[in-house]
file model.pdb (PDB, C-alpha atoms)
ATOM      1  CA  MET A  28      35.158 -11.560 -22.546
ATOM      2  CA  ASN A  29      38.374 -10.544 -24.332
ATOM      3  CA  THR A  30      41.495 -12.691 -24.695
ATOM      4  CA  PHE A  31      43.366 -10.958 -21.866
ATOM      5  CA  ASP A  32      40.462 -11.455 -19.429
ATOM      6  CA  SER A  33      40.186 -15.103 -20.450
ATOM      7  CA  LEU A  34      43.887 -15.796 -19.918
ATOM      8  CA  ALA A  35      43.835 -13.858 -16.629
ATOM      9  CA  ILE A  36      40.958 -16.024 -15.327
ATOM     10  CA  ILE A  37      42.829 -19.181 -16.406
ATOM     11  CA  ALA A  38      45.936 -17.893 -14.590
ATOM     12  CA  VAL A  39      43.970 -17.176 -11.389
ATOM     13  CA  ALA A  40      42.296 -20.611 -11.544
ATOM     14  CA  ALA A  41      45.724 -22.227 -12.031
ATOM     15  CA  LEU A  42      47.149 -20.351  -9.019
ATOM     16  CA  ILE A  43      44.218 -21.555  -6.903
ATOM     17  CA  HIS A  44      44.964 -25.093  -8.106
ATOM     18  CA  ALA A  45      48.621 -24.480  -7.174
ATOM     19  CA  SER A  46      47.638 -23.645  -3.597
ATOM     20  CA  PHE A  47      46.314 -27.204  -3.049
ATOM     21  CA  GLN A  48      48.936 -29.157  -1.166
ATOM     22  CA  LEU A  49      48.656 -32.895  -1.786
ATOM     23  CA  SER A  50      51.273 -33.034  -4.563
ATOM     24  CA  VAL A  51      53.574 -30.759  -2.543
ATOM     25  CA  SER A  52      53.265 -33.034   0.515
ATOM     26  CA  MET A  53      54.008 -36.121  -1.572
ATOM     27  CA  LEU A  54      57.001 -34.476  -3.237
ATOM     28  CA  THR A  55      58.363 -33.418   0.173
ATOM     29  CA  LEU A  56      57.915 -36.965   1.483
ATOM     30  CA  LEU A  57      59.503 -38.480  -1.628
ATOM     31  CA  SER A  58      62.538 -36.178  -1.351
ATOM     32  CA  SER A  59      62.903 -36.805   2.381
ATOM     33  CA  HIS A  60      62.870 -40.601   2.015
ATOM     34  CA  THR A  61      65.157 -40.605  -1.000
ATOM     35  CA  ILE A  62      67.769 -38.535   0.861
ATOM     36  CA  GLY A  63      67.270 -40.583   4.074
ATOM     37  CA  ALA A  64      67.855 -43.828   2.151
ATOM     38  CA  LYS A  65      71.282 -42.510   1.048
ATOM     39  CA  ARG A  66      70.393 -42.571  -2.648
ATOM     40  CA  SER A  67      72.535 -40.435  -4.961
ATOM     41  CA  HIS A  68      71.725 -36.832  -5.829
ATOM     42  CA  ALA A  69      71.151 -37.890  -9.447
ATOM     43  CA  ARG A  70      68.576 -40.468  -8.262
ATOM     44  CA  LEU A  71      66.920 -37.807  -6.077
ATOM     45  CA  LEU A  72      66.635 -35.447  -9.036
ATOM     46  CA  GLY A  73      65.424 -38.271 -11.288
ATOM     47  CA  LEU A  74      62.630 -39.221  -8.884
ATOM     48  CA  THR A  75      61.508 -35.667  -8.096
ATOM     49  CA  ASN A  76      61.593 -34.655 -11.783
ATOM     50  CA  ALA A  77      59.602 -37.763 -12.733
ATOM     51  CA  PHE A  78      57.031 -36.966 -10.027
ATOM     52  CA  THR A  79      56.668 -33.378 -11.258
ATOM     53  CA  PHE A  80      56.421 -34.554 -14.863
ATOM     54  CA  GLY A  81      53.661 -36.965 -13.812
ATOM     55  CA  VAL A  82      51.721 -34.081 -12.250
ATOM     56  CA  PHE A  83      52.252 -31.984 -15.397
ATOM     57  CA  VAL A  84      51.093 -34.731 -17.779
ATOM     58  CA  MET A  85      47.972 -35.543 -15.726
ATOM     59  CA  THR A  86      47.053 -31.858 -15.377
ATOM     60  CA  VAL A  87      47.394 -31.316 -19.137
ATOM     61  CA  LEU A  88      45.335 -34.458 -19.865
ATOM     62  CA  LEU A  89      42.568 -33.483 -17.442
ATOM     63  CA  MET A  90      42.497 -29.913 -18.704
ATOM     64  CA  SER A  91      42.363 -30.998 -22.368
ATOM     65  CA  ALA A  92      39.665 -33.612 -21.695
ATOM     66  CA  ALA A  93      37.554 -31.155 -19.691
ATOM     67  CA  ALA A  94      37.900 -28.483 -22.410
ATOM     68  CA  LEU A  95      36.944 -30.979 -25.114
ATOM     69  CA  TYR A  96      33.818 -32.170 -23.269
ATOM     70  CA  VAL A  97      32.816 -28.599 -22.451
ATOM     71  CA  GLN A  98      33.285 -27.581 -26.107
ATOM     72  CA  ILE A  99      31.040 -30.434 -27.248
ATOM     73  CA  GLY A 100      28.472 -29.773 -24.512
ATOM     74  CA  LEU A 101      28.443 -25.982 -24.860
ATOM     75  CA  GLN A 102      26.633 -26.106 -28.192
ATOM     76  CA  SER A 103      23.464 -27.305 -26.515
ATOM     77  CA  ALA A 104      23.846 -26.051 -22.940
ATOM     78  CA  ASP A 105      22.669 -22.753 -21.513
ATOM     79  CA  LEU A 106      25.942 -20.997 -20.661
ATOM     80  CA  THR A 107      24.385 -18.711 -18.012
ATOM     81  CA  LEU A 108      22.925 -21.697 -16.168
ATOM     82  CA  LEU A 109      26.303 -23.452 -16.358
ATOM     83  CA  TRP A 110      28.037 -20.396 -14.855
ATOM     84  CA  ILE A 111      25.479 -20.266 -12.028
ATOM     85  CA  VAL A 112      26.212 -23.921 -11.204
ATOM     86  CA  ILE A 113      29.972 -23.329 -11.353
ATOM     87  CA  CYS A 114      29.794 -20.220  -9.157
ATOM     88  CA  GLY A 115      27.831 -22.227  -6.583
ATOM     89  CA  LEU A 116      30.491 -24.939  -6.775
ATOM     90  CA  LEU A 117      33.258 -22.358  -6.273
ATOM     91  CA  PHE A 118      31.518 -20.816  -3.226
ATOM     92  CA  GLY A 119      30.866 -24.264  -1.716
ATOM     93  CA  LEU A 120      34.392 -25.514  -2.299
ATOM     94  CA  GLY A 121      35.846 -22.249  -0.972
ATOM     95  CA  ALA A 122      33.956 -22.746   2.298
ATOM     96  CA  ALA A 123      34.951 -26.443   2.361
ATOM     97  CA  VAL A 124      38.631 -25.501   1.952
ATOM     98  CA  TRP A 125      38.363 -23.020   4.846
ATOM     99  CA  ILE A 126      36.709 -25.628   7.070
ATOM    100  CA  PHE A 127      38.147 -29.025   6.084
ATOM    101  CA  TYR A 128      41.320 -28.684   4.023
ATOM    102  CA  TYR A 129      43.864 -29.192   6.811
ATOM    103  CA  ARG A 130      43.224 -31.429   9.818
ATOM    104  CA  ARG A 131      43.277 -29.753  13.207
ATOM    105  CA  GLU A 132      46.487 -31.400  14.376
ATOM    106  CA  GLN A 133      50.205 -30.785  14.189
ATOM    107  CA  GLY A 134      51.971 -31.126  10.844
ATOM    108  CA  THR A 135      50.412 -30.606   7.437
ATOM    109  CA  ALA A 136      47.935 -33.525   7.523
ATOM    110  CA  LEU A 137      45.298 -32.983   4.822
ATOM    111  CA  TRP A 138      41.566 -33.740   4.502
ATOM    112  CA  ILE A 139      42.088 -37.043   2.668
ATOM    113  CA  PRO A 140      40.863 -40.197   4.498
ATOM    114  CA  ARG A 141      43.574 -41.624   6.775
ATOM    115  CA  GLY A 142      43.643 -45.009   5.017
ATOM    116  CA  MET A 143      44.280 -43.326   1.684
ATOM    117  CA  ALA A 144      46.892 -41.009   3.222
ATOM    118  CA  ARG A 145      48.717 -44.008   4.712
ATOM    119  CA  TYR A 146      48.606 -45.828   1.371
ATOM    120  CA  LEU A 147      49.948 -42.812  -0.554
ATOM    121  CA  SER A 148      52.576 -42.247   2.135
ATOM    122  CA  ASP A 149      53.720 -45.899   2.046
ATOM    123  CA  ARG A 150      53.861 -45.912  -1.768
ATOM    124  CA  THR A 151      55.814 -42.641  -1.760
ATOM    125  CA  LYS A 152      58.344 -44.057   0.723
ATOM    126  CA  ALA A 153      58.701 -47.236  -1.336
ATOM    127  CA  ALA A 154      59.288 -45.445  -4.676
ATOM    128  CA  LYS A 155      62.709 -46.311  -6.108
ATOM    129  CA  GLN A 156      62.168 -46.105  -9.867
ATOM    130  CA  THR A 157      61.368 -43.004 -11.887
ATOM    131  CA  GLY A 158      58.311 -44.823 -13.322
ATOM    132  CA  GLU A 159      56.899 -45.224  -9.810
ATOM    133  CA  ALA A 160      57.529 -41.551  -9.068
ATOM    134  CA  PHE A 161      55.782 -40.602 -12.328
ATOM    135  CA  GLY A 162      52.785 -42.748 -11.325
ATOM    136  CA  LEU A 163      52.714 -41.100  -7.906
ATOM    137  CA  GLY A 164      52.611 -37.674  -9.555
ATOM    138  CA  VAL A 165      49.661 -38.809 -11.684
ATOM    139  CA  SER A 166      47.830 -40.243  -8.637
ATOM    140  CA  SER A 167      48.404 -37.102  -6.574
ATOM    141  CA  VAL A 168      46.508 -35.041  -9.186
ATOM    142  CA  LEU A 169      43.661 -37.582  -9.286
ATOM    143  CA  ALA A 170      43.473 -37.794  -5.482
ATOM    144  CA  GLU A 171      43.007 -34.035  -5.217
ATOM    145  CA  LEU A 172      40.346 -33.813  -7.950
ATOM    146  CA  LEU A 173      37.610 -33.168  -5.386
ATOM    147  CA  PHE A 174      39.052 -29.677  -4.884
ATOM    148  CA  SER A 175      40.931 -29.038  -8.144
ATOM    149  CA  PHE A 176      37.830 -29.981 -10.177
ATOM    150  CA  ALA A 177      36.358 -26.479  -9.837
ATOM    151  CA  PRO A 178      39.321 -24.399 -11.119
ATOM    152  CA  LEU A 179      39.846 -27.004 -13.871
ATOM    153  CA  LEU A 180      36.234 -26.688 -14.988
ATOM    154  CA  VAL A 181      36.315 -22.868 -14.964
ATOM    155  CA  SER A 182      39.441 -22.902 -17.134
ATOM    156  CA  ALA A 183      37.916 -25.524 -19.441
ATOM    157  CA  ILE A 184      34.829 -23.349 -20.080
ATOM    158  CA  ILE A 185      36.994 -20.296 -20.756
ATOM    159  CA  LEU A 186      39.303 -22.354 -23.001
ATOM    160  CA  ALA A 187      36.374 -23.681 -25.017
ATOM    161  CA  GLN A 188      35.477 -20.113 -25.979
ATOM    162  CA  LEU A 189      39.013 -19.180 -27.116
ATOM    163  CA  ALA A 190      40.463 -19.440 -30.626
ATOM    164  CA  PRO A 191      42.111 -22.874 -31.228
ATOM    165  CA  SER A 192      45.633 -21.411 -31.319
ATOM    166  CA  LEU A 193      45.074 -19.775 -27.926
ATOM    167  CA  GLN A 194      43.625 -22.939 -26.412
ATOM    168  CA  LEU A 195      47.047 -24.575 -26.398
ATOM    169  CA  VAL A 196      48.522 -21.457 -24.767
ATOM    170  CA  GLY A 197      45.763 -21.585 -22.154
ATOM    171  CA  ILE A 198      46.380 -25.261 -21.354
ATOM    172  CA  LEU A 199      50.137 -24.716 -20.998
ATOM    173  CA  LEU A 200      49.608 -21.566 -18.920
ATOM    174  CA  TYR A 201      47.322 -23.479 -16.564
ATOM    175  CA  ALA A 202      49.641 -26.497 -16.299
ATOM    176  CA  VAL A 203      52.800 -24.451 -15.657
ATOM    177  CA  LEU A 204      51.206 -22.100 -13.108
ATOM    178  CA  SER A 205      49.524 -24.947 -11.218
ATOM    179  CA  LEU A 206      52.961 -26.598 -11.023
ATOM    180  CA  LEU A 207      54.719 -23.555  -9.492
ATOM    181  CA  PRO A 208      54.988 -24.837  -5.873
ATOM    182  CA  LEU A 209      56.391 -28.147  -7.113
ATOM    183  CA  LEU A 210      58.945 -26.341  -9.274
ATOM    184  CA  ILE A 211      59.995 -24.221  -6.270
ATOM    185  CA  ILE A 212      60.416 -27.314  -4.064
ATOM    186  CA  LEU A 213      62.241 -29.083  -6.888
ATOM    187  CA  GLY A 214      64.679 -26.144  -7.052
ATOM    188  CA  LEU A 215      65.134 -26.010  -3.273
ATOM    189  CA  VAL A 216      65.727 -29.769  -2.927
ATOM    190  CA  GLY A 217      68.008 -29.831  -5.965
ATOM    191  CA  SER A 218      70.102 -26.970  -4.588
ATOM    192  CA  GLY A 219      70.626 -28.747  -1.260
ATOM    193  CA  HIS A 220      68.091 -27.091   1.060
ATOM    194  CA  LYS A 221      66.942 -29.085   4.089
ATOM    195  CA  ILE A 222      63.577 -30.815   3.804
ATOM    196  CA  SER A 223      62.889 -30.003   7.471
ATOM    197  CA  ARG A 224      63.041 -26.249   6.705
ATOM    198  CA  ILE A 225      60.636 -26.620   3.778
ATOM    199  CA  GLN A 226      58.240 -28.734   5.871
ATOM    200  CA  ARG A 227      58.493 -26.353   8.832
ATOM    201  CA  TRP A 228      57.657 -23.383   6.555
ATOM    202  CA  ARG A 229      54.656 -25.269   5.200
ATOM    203  CA  GLU A 230      53.444 -26.088   8.685
ATOM    204  CA  GLU A 231      53.899 -22.546  10.000
ATOM    205  CA  ASN A 232      52.042 -21.057   7.020
ATOM    206  CA  LYS A 233      49.360 -23.684   6.538
ATOM    207  CA  SER A 234      46.539 -21.460   7.832
ATOM    208  CA  PHE A 235      47.576 -18.713   5.417
ATOM    209  CA  LEU A 236      47.743 -21.178   2.507
ATOM    210  CA  GLN A 237      44.316 -22.531   3.477
ATOM    211  CA  PHE A 238      42.862 -19.012   3.644
ATOM    212  CA  ILE A 239      44.354 -18.107   0.257
ATOM    213  CA  ALA A 240      43.059 -21.269  -1.425
ATOM    214  CA  GLY A 241      39.525 -20.905  -0.024
ATOM    215  CA  GLY A 242      39.503 -17.137  -0.532
ATOM    216  CA  GLY A 243      40.707 -17.553  -4.119
ATOM    217  CA  LEU A 244      37.804 -19.892  -4.909
ATOM    218  CA  VAL A 245      35.246 -17.520  -3.362
ATOM    219  CA  VAL A 246      36.675 -14.420  -5.080
ATOM    220  CA  LEU A 247      36.828 -16.192  -8.453
ATOM    221  CA  GLY A 248      33.239 -17.365  -7.961
ATOM    222  CA  PHE A 249      32.102 -13.849  -7.093
ATOM    223  CA  TYR A 250      33.905 -12.308 -10.098
ATOM    224  CA  LEU A 251      32.482 -14.891 -12.504
ATOM    225  CA  TYR A 252      28.983 -14.466 -11.078
ATOM    226  CA  VAL A 253      29.078 -10.706 -11.603
ATOM    227  CA  ASP A 254      30.804 -10.914 -15.003
ATOM    228  CA  GLN A 255      29.029 -13.898 -16.544
ATOM    229  CA  VAL A 256      25.642 -14.055 -14.809
ATOM    230  CA  LEU A 257      24.667 -10.690 -13.338
ATOM    231  CA  THR A 258      26.018  -8.323 -16.014
ATOM    232  CA  PRO A 259      24.453 -10.141 -19.036
ATOM    233  CA  THR A 260      21.134 -10.467 -17.155
ATOM    234  CA  VAL A 261      21.056  -6.765 -16.226
ATOM    235  CA  MET A 262      22.114  -5.763 -19.766
ATOM    236  CA  ALA A 263      19.380  -7.950 -21.259
ATOM    237  CA  ALA A 264      16.790  -6.484 -18.875
ATOM    238  CA  ALA A 265      17.943  -2.942 -19.655
ATOM    239  CA  GLY A 266      17.802  -3.677 -23.366
ATOM    240  CA  GLY A 267      14.279  -4.971 -23.002
ATOM    241  CA  VAL A 268      12.966  -1.838 -21.232
TER     242      VAL A 268
ATOM    243  CA  MET B  10      72.513 -54.327  17.134
ATOM    244  CA  THR B  11      70.589 -57.240  18.646
ATOM    245  CA  SER B  12      66.854 -57.831  18.953
ATOM    246  CA  ARG B  13      65.385 -57.811  22.444
ATOM    247  CA  PRO B  14      62.879 -60.674  22.465
ATOM    248  CA  LEU B  15      61.445 -59.845  25.891
ATOM    249  CA  ILE B  16      59.852 -56.549  24.934
ATOM    250  CA  ASP B  17      56.685 -56.420  22.836
ATOM    251  CA  VAL B  18      55.732 -53.319  20.884
ATOM    252  CA  VAL B  19      52.012 -52.530  20.596
ATOM    253  CA  LYS B  20      51.600 -50.722  17.284
ATOM    254  CA  ARG B  21      49.135 -47.916  16.521
ATOM    255  CA  GLY B  22      47.081 -48.432  19.697
ATOM    256  CA  GLY B  23      46.656 -52.164  19.011
ATOM    257  CA  LYS B  24      45.307 -51.698  15.466
ATOM    258  CA  ARG B  25      48.314 -53.524  13.990
ATOM    259  CA  THR B  26      49.945 -56.780  15.039
ATOM    260  CA  THR B  27      52.199 -56.550  18.095
ATOM    261  CA  GLU B  28      55.847 -57.209  17.318
ATOM    262  CA  ARG B  29      59.127 -57.644  19.188
ATOM    263  CA  PHE B  30      61.198 -54.571  19.940
ATOM    264  CA  ASP B  31      64.024 -54.329  17.414
ATOM    265  CA  THR B  32      66.778 -51.835  18.206
ATOM    266  CA  GLY B  33      68.002 -52.118  14.623
ATOM    267  CA  LYS B  34      64.681 -50.828  13.313
ATOM    268  CA  LEU B  35      64.751 -47.869  15.695
ATOM    269  CA  HIS B  36      68.360 -47.164  14.726
ATOM    270  CA  ALA B  37      67.480 -47.233  11.011
ATOM    271  CA  SER B  38      64.542 -44.832  11.443
ATOM    272  CA  VAL B  39      66.558 -42.288  13.467
ATOM    273  CA  LEU B  40      69.469 -42.602  11.040
ATOM    274  CA  ALA B  41      67.128 -41.982   8.075
ATOM    275  CA  ALA B  42      65.660 -38.889   9.785
ATOM    276  CA  CYS B  43      69.168 -37.489  10.375
ATOM    277  CA  LEU B  44      70.288 -38.230   6.824
ATOM    278  CA  SER B  45      67.070 -36.662   5.472
ATOM    279  CA  VAL B  46      68.183 -33.299   6.854
ATOM    280  CA  ARG B  47      71.539 -33.821   5.127
ATOM    281  CA  SER B  48      73.593 -34.524   8.246
ATOM    282  CA  PRO B  49      77.008 -36.073   7.607
ATOM    283  CA  GLU B  50      76.807 -39.863   7.958
ATOM    284  CA  GLY B  51      79.121 -40.024  11.000
ATOM    285  CA  MET B  52      77.055 -37.472  12.879
ATOM    286  CA  ALA B  53      73.846 -39.246  11.898
ATOM    287  CA  ARG B  54      75.135 -42.623  13.122
ATOM    288  CA  SER B  55      76.308 -41.165  16.402
ATOM    289  CA  ALA B  56      72.894 -39.509  16.965
ATOM    290  CA  ALA B  57      71.122 -42.799  16.165
ATOM    291  CA  ASP B  58      73.433 -44.736  18.543
ATOM    292  CA  SER B  59      72.780 -42.237  21.323
ATOM    293  CA  VAL B  60      68.994 -42.388  20.850
ATOM    294  CA  CYS B  61      69.051 -46.209  20.837
ATOM    295  CA  THR B  62      71.039 -46.271  24.105
ATOM    296  CA  VAL B  63      68.525 -43.969  25.812
ATOM    297  CA  VAL B  64      65.498 -45.897  24.494
ATOM    298  CA  ASN B  65      67.051 -49.256  25.494
ATOM    299  CA  GLU B  66      67.588 -47.968  29.025
ATOM    300  CA  TRP B  67      64.044 -46.586  29.164
ATOM    301  CA  CYS B  68      62.358 -49.809  28.117
ATOM    302  CA  SER B  69      64.744 -52.309  29.732
ATOM    303  CA  ALA B  70      62.421 -53.033  32.677
ATOM    304  CA  LYS B  71      59.178 -53.042  30.668
ATOM    305  CA  PRO B  72      57.617 -56.197  29.194
ATOM    306  CA  GLU B  73      55.501 -54.186  26.747
ATOM    307  CA  VAL B  74      55.695 -50.698  25.231
ATOM    308  CA  THR B  75      53.659 -48.883  22.577
ATOM    309  CA  SER B  76      55.138 -47.660  19.313
ATOM    310  CA  ASP B  77      53.898 -44.158  20.205
ATOM    311  CA  ASP B  78      55.846 -44.264  23.496
ATOM    312  CA  LEU B  79      58.990 -45.432  21.709
ATOM    313  CA  ARG B  80      58.660 -42.645  19.172
ATOM    314  CA  ARG B  81      58.039 -40.045  21.888
ATOM    315  CA  VAL B  82      61.054 -41.071  23.995
ATOM    316  CA  ALA B  83      63.300 -41.292  20.932
ATOM    317  CA  ALA B  84      62.098 -37.899  19.633
ATOM    318  CA  ARG B  85      62.614 -36.245  23.027
ATOM    319  CA  HIS B  86      66.243 -37.344  23.142
ATOM    320  CA  LEU B  87      66.840 -36.591  19.448
ATOM    321  CA  GLU B  88      65.431 -33.086  20.016
ATOM    322  CA  ARG B  89      68.342 -32.372  22.378
ATOM    323  CA  ILE B  90      71.086 -33.580  20.060
ATOM    324  CA  HIS B  91      69.627 -32.899  16.583
ATOM    325  CA  PRO B  92      66.529 -30.631  16.557
ATOM    326  CA  GLU B  93      66.146 -30.568  12.750
ATOM    327  CA  ALA B  94      66.132 -34.358  12.500
ATOM    328  CA  ALA B  95      63.809 -34.591  15.522
ATOM    329  CA  TYR B  96      61.292 -32.372  13.747
ATOM    330  CA  LEU B  97      61.173 -34.695  10.722
ATOM    331  CA  TYR B  98      61.197 -37.794  12.951
ATOM    332  CA  LYS B  99      58.188 -36.541  14.932
ATOM    333  CA  HIS B 100      56.189 -35.282  11.951
ATOM    334  CA  HIS B 101      56.835 -37.812   9.205
ATOM    335  CA  ARG B 102      53.342 -39.300   9.634
ATOM    336  CA  LEU B 103      51.737 -35.869   9.582
ATOM    337  CA  VAL B 104      53.013 -34.677   6.205
ATOM    338  CA  LEU B 105      50.046 -36.060   4.182
TER     339      LEU B 105
END

call {"tool": "encode", "arguments": {"input": "model.pdb", "output": "structure tokens"}}
result
Amino acid sequence: MNTFDSLAIIAVAALIHASFQLSVSMLTLLSSHTIGAKRSHARLLGLTNAFTFGVFVMTVLLMSAAALYVQIGLQSADLTLLWIVICGLLFGLGAAVWIFYYRREQGTALWIPRGMARYLSDRTKAAKQTGEAFGLGVSSVLAELLFSFAPLLVSAIILAQLAPSLQLVGILLYAVLSLLPLLIILGLVGSGHKISRIQRWREENKSFLQFIAGGGLVVLGFYLYVDQVLTPTVMAAAGGV
Amino acid sequence: MTSRPLIDVVKRGGKRTTERFDTGKLHASVLAACLSVRSPEGMARSAADSVCTVVNEWCSAKPEVTSDDLRRVAARHLERIHPEAAYLYKHHRLVL
């Protein structure tokens, strides 16, 4: 796999990660309650920026840790077997996103257990300090790990095979692209757009977002299976004839 | 705003402790929803006052109401006077 292909796969994985909505929901809720509580615009920007920074830091930490463990483990592991497992994970998660990601009710209620959703919602409403908002950003990434684990792992395996100087580029590329929806909402809230419009757009397009997220996982799984499992196996068999 | 000690509010279908109906709490939640959609404060207060009047009239003869009923009646009236705020008011529990 050449450098361009590697970075392209990392970018696609990051965009799939970006289509997961827990952090976006929490940022929307945080903005809505901060404005509703008559806090200043500077406070609103402080809290939303701290939340986004928390998401960024946690994503970079997870990505770096995953890449490090993969790099250590790769020396002994069979890479083809690892890709087969990951492709299976991508197909399974893609189907799970299509079936479970959003609840079948009004609004943008997600798959997470209701007790956990209520806790995150209450903590988001109660956040007044930038430190709390930063912590919420960190927790939102951890709470969504069940789904974001797969694109993170794919990127980590690709990163582990890149030159060290490109690994940093890969990590930053992943972190920035996975943050895109948050950056867009940050810009919209900061420039005075109504939260209700943003939330309404999210609700009206939730089926599309769900389809894209699940479809992205399946397509990435299919591509990696053909590129990393099928092609080397066929080439090896052809070479052996 | 005064509390109305004669009306009990059953919360979340009885899963949480019943509490007394507090117009001030209703007023604050409607006001927050209006301010969240960046309404001017005067307009937000007037919408909250109007919703509280309608809800007070609706529940005046009832000894007990549910929090879901309160929210539904308040949202229905808010929908007429401030649709954007009503949307947030109705859906704030369905964001996550």

call {"tool": "closest_residue", "arguments": {"input": "model.pdb", "among": "A:Thr258, A:Ser218, A:Asn76, A:Thr107", "to": "chain B", "atoms": "only C-alpha atoms"}}
result
A:Ser218

call {"tool": "closest_residue", "arguments": {"input": "model.pdb", "among": "A:Gly100, A:Gly266, A:Gly121, A:Gly219", "to": "chain B", "atoms": "only C-alpha atoms"}}
result
A:Gly219

call {"tool": "interface_residues", "arguments": {"input": "model.pdb", "of": "chain A", "to": "chain B", "cutoff": "10 Å", "atoms": "all atoms listed in the file", "output": "PyMOL selection string"}}
result
chain A and resi 48-53+55-56+58-65+129-130+132-139+141+143-145+147-148+219-224+226-227+229-230

call {"tool": "resolve_selection", "arguments": {"input": "model.pdb", "expression": "the PyMOL selection byres ((chain A and resi 157) around 12)", "output": "ChimeraX atom specification"}}
result
/A:57,61,69-81,151,153-156,158-164

call {"tool": "atom_distance", "arguments": {"input": "model.pdb", "atom1": "CA of Leu251 (chain A)", "atom2": "CA of Ala187 (chain A)"}}
result
15.8 Å

call {"tool": "atom_distance", "arguments": {"input": "model.pdb", "atom1": "CA of Ile113 (chain A)", "atom2": "CA of Ser182 (chain A)"}}
result
11.1 Å

call {"tool": "resolve_selection", "arguments": {"input": "model.pdb", "expression": "the PyMOL selection byres ((chain A and resi 88) around 12)", "output": "VMD selection string"}}
result
chain A and resid 81 to 87 89 to 95 165 168 to 169 179 183 195 198 to 199 201 to 202

call {"tool": "resolve_selection", "arguments": {"input": "model.pdb", "expression": "the PyMOL selection byres ((chain A and resi 115) around 12)", "output": "NGL selection string"}}
result
:A and (108-114 or 116-122 or 177 or 181 or 244-249 or 251-252 or 256)

call {"tool": "atom_distance", "arguments": {"input": "model.pdb", "atom1": "CA of Leu87 (chain B)", "atom2": "CA of Val63 (chain B)"}}
result
9.9 Å

call {"tool": "residues_around", "arguments": {"input": "model.pdb", "residues": "Asp32 (chain A)", "least_positions_apart": "3", "cutoff": "12 Å", "atoms": "only C-alpha atoms", "output": "list of chain:residue names"}}
result
A:Met28, A:Asn29, A:Ala35, A:Ile36, A:Ile37, A:Ala38, A:Val39, A:Ser182, A:Ile185, A:Leu186, A:Gln188, A:Leu189, A:Gly197, A:Tyr250, A:Leu251, A:Asp254

call {"tool": "build_atoms", "arguments": {"input": "model.pdb", "residues": "region 47-59 of chain B", "atoms": "N, CA and C atoms", "output": "short mmCIF file (atom, residue, chain, number, x, y, z; two decimals), keeping the file's coordinate frame"}}
result
data_model
loop_
_atom_site.label_atom_id
_atom_site.label_comp_id
_atom_site.auth_asym_id
_atom_site.auth_seq_id
_atom_site.Cartn_x
_atom_site.Cartn_y
_atom_site.Cartn_z
N ARG B 47 70.20 -33.95 5.71
CA ARG B 47 71.54 -33.82 5.13
C ARG B 47 72.64 -33.72 6.17
N SER B 48 72.49 -34.45 7.27
CA SER B 48 73.59 -34.52 8.25
C SER B 48 74.69 -35.41 7.67
N PRO B 49 75.95 -35.16 8.02
CA PRO B 49 77.01 -36.07 7.61
C PRO B 49 76.75 -37.45 8.23
N GLU B 50 77.18 -38.52 7.53
CA GLU B 50 76.81 -39.86 7.96
C GLU B 50 77.33 -40.19 9.36
N GLY B 51 78.55 -39.74 9.68
CA GLY B 51 79.12 -40.02 11.00
C GLY B 51 78.27 -39.42 12.11
N MET B 52 77.88 -38.18 11.89
CA MET B 52 77.06 -37.47 12.88
C MET B 52 75.68 -38.15 13.02
N ALA B 53 75.15 -38.58 11.88
CA ALA B 53 73.85 -39.25 11.90
C ALA B 53 73.92 -40.56 12.67
N ARG B 54 74.99 -41.34 12.42
CA ARG B 54 75.14 -42.62 13.12
C ARG B 54 75.29 -42.41 14.62
N SER B 55 76.09 -41.41 14.97
CA SER B 55 76.31 -41.16 16.40
C SER B 55 75.00 -40.72 17.08
N ALA B 56 74.19 -39.91 16.39
CA ALA B 56 72.89 -39.51 16.96
C ALA B 56 71.98 -40.72 17.12
N ALA B 57 71.97 -41.60 16.10
CA ALA B 57 71.12 -42.80 16.16
C ALA B 57 71.58 -43.72 17.29
N ASP B 58 72.90 -43.89 17.45
CA ASP B 58 73.43 -44.74 18.54
C ASP B 58 72.98 -44.19 19.89
N SER B 59 73.12 -42.87 20.05
CA SER B 59 72.78 -42.24 21.32
C SER B 59 71.29 -42.41 21.64
#
